[in-house]
$ cat my_file_8.cif   # mmCIF, C-alpha atoms and all ligand atoms
data_input
loop_
_atom_site.group_PDB
_atom_site.id
_atom_site.type_symbol
_atom_site.label_atom_id
_atom_site.label_comp_id
_atom_site.auth_asym_id
_atom_site.auth_seq_id
_atom_site.Cartn_x
_atom_site.Cartn_y
_atom_site.Cartn_z
ATOM 1 C CA MET A 47 -1.934 112.179 207.485
ATOM 2 C CA ASP A 48 -2.416 115.846 206.714
ATOM 3 C CA GLN A 49 -4.950 115.952 203.818
ATOM 4 C CA GLY A 50 -3.071 118.659 201.908
ATOM 5 C CA LEU A 51 0.109 116.642 202.100
ATOM 6 C CA ALA A 52 -1.767 113.506 201.000
ATOM 7 C CA ALA A 53 -3.211 115.128 197.868
ATOM 8 C CA ASP A 54 0.044 116.809 196.953
ATOM 9 C CA THR A 55 2.092 113.649 197.506
ATOM 10 C CA ARG A 56 -0.317 111.749 195.281
ATOM 11 C CA SER A 57 0.495 114.020 192.360
ATOM 12 C CA LEU A 58 4.232 113.742 193.081
ATOM 13 C CA PHE A 59 3.802 109.985 193.177
ATOM 14 C CA VAL A 60 2.094 109.948 189.762
ATOM 15 C CA THR A 61 4.912 112.075 188.332
ATOM 16 C CA GLY A 62 7.441 109.675 189.835
ATOM 17 C CA LEU A 63 5.627 106.674 188.316
ATOM 18 C CA ARG A 64 5.621 108.333 184.885
ATOM 19 C CA ASN A 65 9.315 109.133 185.160
ATOM 20 C CA ALA A 66 10.035 105.535 186.165
ATOM 21 C CA HIS A 67 8.023 104.348 183.149
ATOM 22 C CA ALA A 68 10.233 106.463 180.858
ATOM 23 C CA MET A 69 13.340 105.257 182.706
ATOM 24 C CA GLU A 70 12.436 101.591 182.158
ATOM 25 C CA ASN A 71 11.788 102.149 178.467
ATOM 26 C CA GLU A 72 15.166 103.812 178.228
ATOM 27 C CA ALA A 73 16.670 100.796 180.029
ATOM 28 C CA LEU A 74 15.246 98.552 177.296
ATOM 29 C CA SER A 75 16.666 100.805 174.583
ATOM 30 C CA ILE A 76 20.099 100.578 176.225
ATOM 31 C CA MET A 77 20.146 96.829 176.947
ATOM 32 C CA THR A 78 18.569 95.461 173.759
ATOM 33 C CA PRO A 79 21.263 96.712 171.312
ATOM 34 C CA GLN A 80 23.952 95.585 173.765
ATOM 35 C CA LEU A 81 22.522 92.074 173.821
ATOM 36 C CA GLU A 82 22.406 91.959 170.018
ATOM 37 C CA ARG A 83 26.087 92.913 169.707
ATOM 38 C CA ILE A 84 27.628 90.604 172.321
ATOM 39 C CA ARG A 85 29.703 87.727 170.912
ATOM 40 C CA ASN A 86 32.308 86.600 173.439
ATOM 41 C CA TYR A 87 30.628 87.295 176.780
ATOM 42 C CA PRO A 88 27.792 84.741 177.019
ATOM 43 C CA GLN A 89 27.427 85.269 180.777
ATOM 44 C CA VAL A 90 26.729 88.977 180.186
ATOM 45 C CA ALA A 91 24.284 88.115 177.397
ATOM 46 C CA ASP A 92 22.413 85.687 179.668
ATOM 47 C CA ARG A 93 22.134 88.219 182.479
ATOM 48 C CA LEU A 94 21.035 90.988 180.101
ATOM 49 C CA ARG A 95 18.393 88.681 178.605
ATOM 50 C CA GLN A 96 17.065 87.924 182.086
ATOM 51 C CA HIS A 97 17.004 91.587 183.047
ATOM 52 C CA ILE A 98 15.263 92.599 179.810
ATOM 53 C CA ASP A 99 12.488 90.150 180.768
ATOM 54 C CA GLU A 100 12.405 91.643 184.277
ATOM 55 C CA THR A 101 12.259 95.152 182.812
ATOM 56 C CA HIS A 102 9.183 94.247 180.749
ATOM 57 C CA ALA A 103 7.535 93.036 183.959
ATOM 58 C CA GLN A 104 8.549 96.266 185.723
ATOM 59 C CA ILE A 105 6.905 98.315 182.971
ATOM 60 C CA GLY A 106 3.792 96.168 183.443
ATOM 61 C CA ARG A 107 3.795 96.961 187.187
ATOM 62 C CA LEU A 108 4.133 100.691 186.500
ATOM 63 C CA ASP A 109 1.279 100.518 183.953
ATOM 64 C CA ARG A 110 -0.856 98.793 186.565
ATOM 65 C CA LEU A 111 -0.056 101.408 189.212
ATOM 66 C CA LEU A 112 -0.673 104.313 186.837
ATOM 67 C CA GLN A 113 -4.018 102.785 185.867
ATOM 68 C CA SER A 114 -4.949 102.388 189.526
ATOM 69 C CA MET A 115 -4.124 106.072 189.981
ATOM 70 C CA ARG A 116 -6.494 106.721 187.041
ATOM 71 C CA GLU A 117 -3.654 107.809 184.812
ATOM 72 C CA SER A 118 -3.998 106.553 181.272
ATOM 73 C CA THR A 119 -0.724 105.060 180.097
ATOM 74 C CA SER A 120 -1.778 105.390 176.458
ATOM 75 C CA ALA A 121 -1.551 109.152 176.952
ATOM 76 C CA LEU A 122 1.926 108.699 178.374
ATOM 77 C CA LYS A 123 4.683 110.163 176.353
ATOM 78 C CA ASP A 124 7.990 108.845 177.501
ATOM 79 C CA THR A 125 10.430 111.610 176.940
ATOM 80 C CA ALA A 126 14.127 110.940 176.942
ATOM 81 C CA LEU A 127 15.659 111.345 180.361
ATOM 82 C CA SER A 128 18.182 114.102 179.994
ATOM 83 C CA ILE A 129 19.895 113.052 183.219
ATOM 84 C CA MET A 130 20.786 109.683 181.792
ATOM 85 C CA GLY A 131 21.307 110.861 178.237
ATOM 86 C CA SER A 132 25.070 110.830 178.383
ATOM 87 C CA VAL A 133 25.170 107.390 179.974
ATOM 88 C CA ALA A 134 22.790 106.036 177.338
ATOM 89 C CA ALA A 135 24.814 107.571 174.521
ATOM 90 C CA LEU A 136 27.870 105.943 175.986
ATOM 91 C CA GLY A 137 26.081 102.600 175.849
ATOM 92 C CA HIS A 138 25.296 102.988 172.156
ATOM 93 C CA THR A 139 28.796 103.895 171.006
ATOM 94 C CA PRO A 140 30.778 100.936 169.705
ATOM 95 C CA ALA A 141 34.168 101.642 171.253
ATOM 96 C CA SER A 142 37.281 99.493 171.243
ATOM 97 C CA ASP A 143 36.474 98.667 174.876
ATOM 98 C CA GLU A 144 32.724 98.499 174.259
ATOM 99 C CA ILE A 145 32.030 95.670 176.750
ATOM 100 C CA LEU A 146 33.735 97.635 179.542
ATOM 101 C CA LYS A 147 32.052 100.951 178.745
ATOM 102 C CA ASN A 148 28.675 99.204 178.604
ATOM 103 C CA SER A 149 29.294 97.409 181.904
ATOM 104 C CA LEU A 150 30.161 100.687 183.648
ATOM 105 C CA ALA A 151 27.159 102.442 182.094
ATOM 106 C CA ASN A 152 24.851 99.574 183.099
ATOM 107 C CA PHE A 153 26.122 99.755 186.667
ATOM 108 C CA ALA A 154 25.406 103.500 186.745
ATOM 109 C CA PHE A 155 21.948 103.013 185.222
ATOM 110 C CA GLU A 156 20.954 100.228 187.642
ATOM 111 C CA ASN A 157 21.944 102.394 190.594
ATOM 112 C CA TYR A 158 19.897 105.272 189.176
ATOM 113 C CA GLU A 159 16.937 102.873 188.959
ATOM 114 C CA ILE A 160 17.482 101.732 192.554
ATOM 115 C CA ALA A 161 17.362 105.362 193.696
ATOM 116 C CA ALA A 162 14.189 105.982 191.649
ATOM 117 C CA TYR A 163 12.380 103.016 193.229
ATOM 118 C CA LYS A 164 13.497 104.016 196.726
ATOM 119 C CA SER A 165 12.065 107.477 196.128
ATOM 120 C CA LEU A 166 8.764 106.015 194.848
ATOM 121 C CA LEU A 167 8.612 103.673 197.842
ATOM 122 C CA ALA A 168 9.032 106.585 200.244
ATOM 123 C CA MET A 169 6.048 108.314 198.615
ATOM 124 C CA ALA A 170 3.980 105.117 198.484
ATOM 125 C CA GLU A 171 4.572 104.543 202.196
ATOM 126 C CA LEU A 172 3.685 108.157 203.008
ATOM 127 C CA GLY A 173 0.394 107.740 201.151
ATOM 128 C CA ALA A 174 -0.151 104.225 202.573
ATOM 129 C CA GLU A 175 -0.425 102.821 199.040
ATOM 130 C CA GLY A 176 -0.323 99.153 200.040
ATOM 131 C CA GLU A 177 -0.382 97.482 196.622
ATOM 132 C CA ALA A 178 2.071 100.016 195.217
ATOM 133 C CA THR A 179 4.555 99.285 197.993
ATOM 134 C CA GLU A 180 4.512 95.585 197.219
ATOM 135 C CA LEU A 181 4.933 96.030 193.437
ATOM 136 C CA LEU A 182 7.649 98.651 193.794
ATOM 137 C CA ARG A 183 9.558 96.440 196.244
ATOM 138 C CA GLN A 184 9.566 93.630 193.685
ATOM 139 C CA SER A 185 11.049 95.924 191.040
ATOM 140 C CA LEU A 186 13.568 97.384 193.513
ATOM 141 C CA ALA A 187 14.754 93.876 194.433
ATOM 142 C CA GLU A 188 15.324 93.063 190.728
ATOM 143 C CA GLU A 189 17.321 96.264 190.193
ATOM 144 C CA GLN A 190 19.410 95.539 193.291
ATOM 145 C CA ALA A 191 20.094 91.989 192.093
ATOM 146 C CA MET A 192 21.202 93.309 188.682
ATOM 147 C CA ALA A 193 23.413 95.975 190.288
ATOM 148 C CA ARG A 194 24.920 93.309 192.570
ATOM 149 C CA TRP A 195 25.624 91.040 189.606
ATOM 150 C CA LEU A 196 27.407 93.886 187.810
ATOM 151 C CA ASP A 197 29.293 94.787 190.983
ATOM 152 C CA GLU A 198 30.565 91.221 191.269
ATOM 153 C CA ASN A 199 31.263 90.788 187.542
ATOM 154 C CA ILE A 200 32.938 94.024 186.450
ATOM 155 C CA GLY A 201 36.303 92.661 187.653
ATOM 156 C CA PRO A 202 35.968 89.247 185.921
ATOM 157 C CA ILE A 203 34.625 90.865 182.701
ATOM 158 C CA THR A 204 37.631 93.204 182.652
ATOM 159 C CA LEU A 205 40.071 90.301 183.068
ATOM 160 C CA GLN A 206 38.309 88.356 180.318
ATOM 161 C CA TYR A 207 38.535 91.436 178.075
ATOM 162 C CA ALA A 208 42.272 91.728 178.797
ATOM 163 C CA ARG A 209 42.846 88.017 178.033
ATOM 164 C CA LEU A 210 40.906 88.128 174.746
ATOM 165 C CA HIS A 211 42.647 91.358 173.766
ATOM 166 C CA ALA A 212 46.085 89.871 174.407
ATOM 167 C CA SER A 213 45.279 86.744 172.386
ATOM 168 C CA GLY A 214 44.132 88.740 169.371
ATOM 169 C CA VAL A 215 40.482 87.632 169.608
ATOM 170 C CA GLU A 216 37.768 90.278 169.229
ATOM 171 C CA ALA A 217 37.610 91.464 172.799
ATOM 172 C CA LYS A 218 35.315 94.443 172.629
ATOM 173 C CA ARG A 219 32.026 92.590 172.378
HETATM 174 FE FE FE B 1 17.136 97.621 185.769
#

$ encode --input "my_file_8.cif" --output "structure tokens"
Amino acid sequence: MDQGLAADTRSLFVTGLRNAHAMENEALSIMTPQLERIRNYPQVADRLRQHIDETHAQIGRLDRLLQSMRESTSALKDTALSIMGSVAALGHTPASDEILKNSLANFAFENYEIAAYKSLLAMAELGAEGEATELLRQSLAEEQAMARWLDENIGPITLQYARLHASGVEAKR
């Protein structure tokens, strides 16, 4: 590869890794309060719990990659992602249809994460970063599985919400 391109792509890659690190921390700050509030949707709680565990592992992979790029993660300041700010705020607002709003926001966030990992993978492949490619593919597969689960469950969750709502049970969470 062109050496100028290689050096420049490396710095873009590091920026992308840092952004992904901030993104995953934001994912935790969105999912954790949701999990704490859920009462009547145990299947959503189980899947969120699983994905919170996966997200911790994803942060570990990003730490490892940043360290291998000689970037200290202790110096990392994860700034709020303005792009996702409105989606995150949506996730924190207890609304009368909270479970639905959160499900839609989670679907949007997972797809944002998928796009972020695809972008990182393109840069890793350009720079022939072998280990990075493998770690990023693992995280991408987890995001795709979570997005697929939401895709398949948004309909059933909505019907469950409608049934609970009609029967006078607390439906929103
Ligand atoms: Fe995710």

$ atom_distance --input "my_file_8.cif" --atom1 "CA of Ser185 in chain A" --atom2 "CA of Gln104 in chain A"
5.9 Å

$ residues_near_ligand --input "my_file_8.cif" --ligand "ligand FE 1 (chain B)" --cutoff "7 Å" --atoms "only C-alpha atoms and all ligand atoms" --output "MDAnalysis selection string"
chainID A and resid 73 97 101 156 159 188:189 192

$ write_last_selection --input "my_file_8.cif" --atoms "C-alpha atoms" --output "short mmCIF file (atom, residue, chain, number, x, y, z; two decimals), in the frame of the given file"
data_model
loop_
_atom_site.label_atom_id
_atom_site.label_comp_id
_atom_site.auth_asym_id
_atom_site.auth_seq_id
_atom_site.Cartn_x
_atom_site.Cartn_y
_atom_site.Cartn_z
CA ALA A 73 16.67 100.80 180.03
CA HIS A 97 17.00 91.59 183.05
CA THR A 101 12.26 95.15 182.81
CA GLU A 156 20.95 100.23 187.64
CA GLU A 159 16.94 102.87 188.96
CA GLU A 188 15.32 93.06 190.73
CA GLU A 189 17.32 96.26 190.19
CA MET A 192 21.20 93.31 188.68
#

$ closest_residue --input "my_file_8.cif" --among "A:Phe59, A:Phe153, A:Tyr87, A:Tyr158" --to "Asp197 in chain A" --atoms "all atoms listed in the file"
A:Phe153

$ axis_aligned_box --input "my_file_8.cif" --around "range 165-172 of chain A" --padding-each-side "8 Å" --output "AutoDock Vina command-line options"
--center_x 7.9 --center_y 106.0 --center_z 198.9 --size_x 24.4 --size_y 20.6 --size_z 24.2

$ residues_around --input "my_file_8.cif" --residues "Pro88 in chain A" --least-positions-apart "5" --cutoff "12 Å" --atoms "only C-alpha atoms" --output "list in words"
Gln80, Leu81, Glu82, Arg83, Arg93, Leu94, Arg95, Ile145, Ile203, Gln206 and Arg219 of chain A

$ resolve_selection --input "my_file_8.cif" --expression "the PyMOL selection byres (((chain A and resi 114) around 12) and not hetatm)" --output "NGL selection string"
:A and (56 or 60 or 63 or 107-113 or 115-119 or 175-178)

$ atom_distance --input "my_file_8.cif" --atom1 "CA of Asp143 in chain A" --atom2 "CA of Lys218 in chain A"
4.9 Å

$ residues_around --input "my_file_8.cif" --residues "Pro202 in chain A" --least-positions-apart "6" --cutoff "12 Å" --atoms "all atoms listed in the file" --output "JSON list (two decimals) with C-alpha atoms, in the frame of the given file"
[["chain", "number", "residue", "atom", "x", "y", "z"],
["A", 87, "TYR", "CA", 30.63, 87.30, 176.78],
["A", 89, "GLN", "CA", 27.43, 85.27, 180.78],
["A", 90, "VAL", "CA", 26.73, 88.98, 180.19],
["A", 145, "ILE", "CA", 32.03, 95.67, 176.75],
["A", 146, "LEU", "CA", 33.74, 97.64, 179.54],
["A", 149, "SER", "CA", 29.29, 97.41, 181.90],
["A", 195, "TRP", "CA", 25.62, 91.04, 189.61],
["A", 196, "LEU", "CA", 27.41, 93.89, 187.81],
["A", 208, "ALA", "CA", 42.27, 91.73, 178.80],
["A", 209, "ARG", "CA", 42.85, 88.02, 178.03]]

$ closest_residue --input "my_file_8.cif" --among "A:Met169, A:Ala68, A:Ser57, A:Asn148" --to "Ala91 in chain A" --atoms "only C-alpha atoms"
A:Asn148

$ closest_residue --input "my_file_8.cif" --among "A:Leu167, A:Ala217, A:Ala161, A:Ala66" --to "Gln184 in chain A" --atoms "all atoms listed in the file"
A:Leu167

$ closest_residue --input "my_file_8.cif" --among "A:Leu150, A:Ala191, A:Ala170, A:Ala103" --to "Glu70 in chain A" --atoms "all atoms listed in the file"
A:Ala103
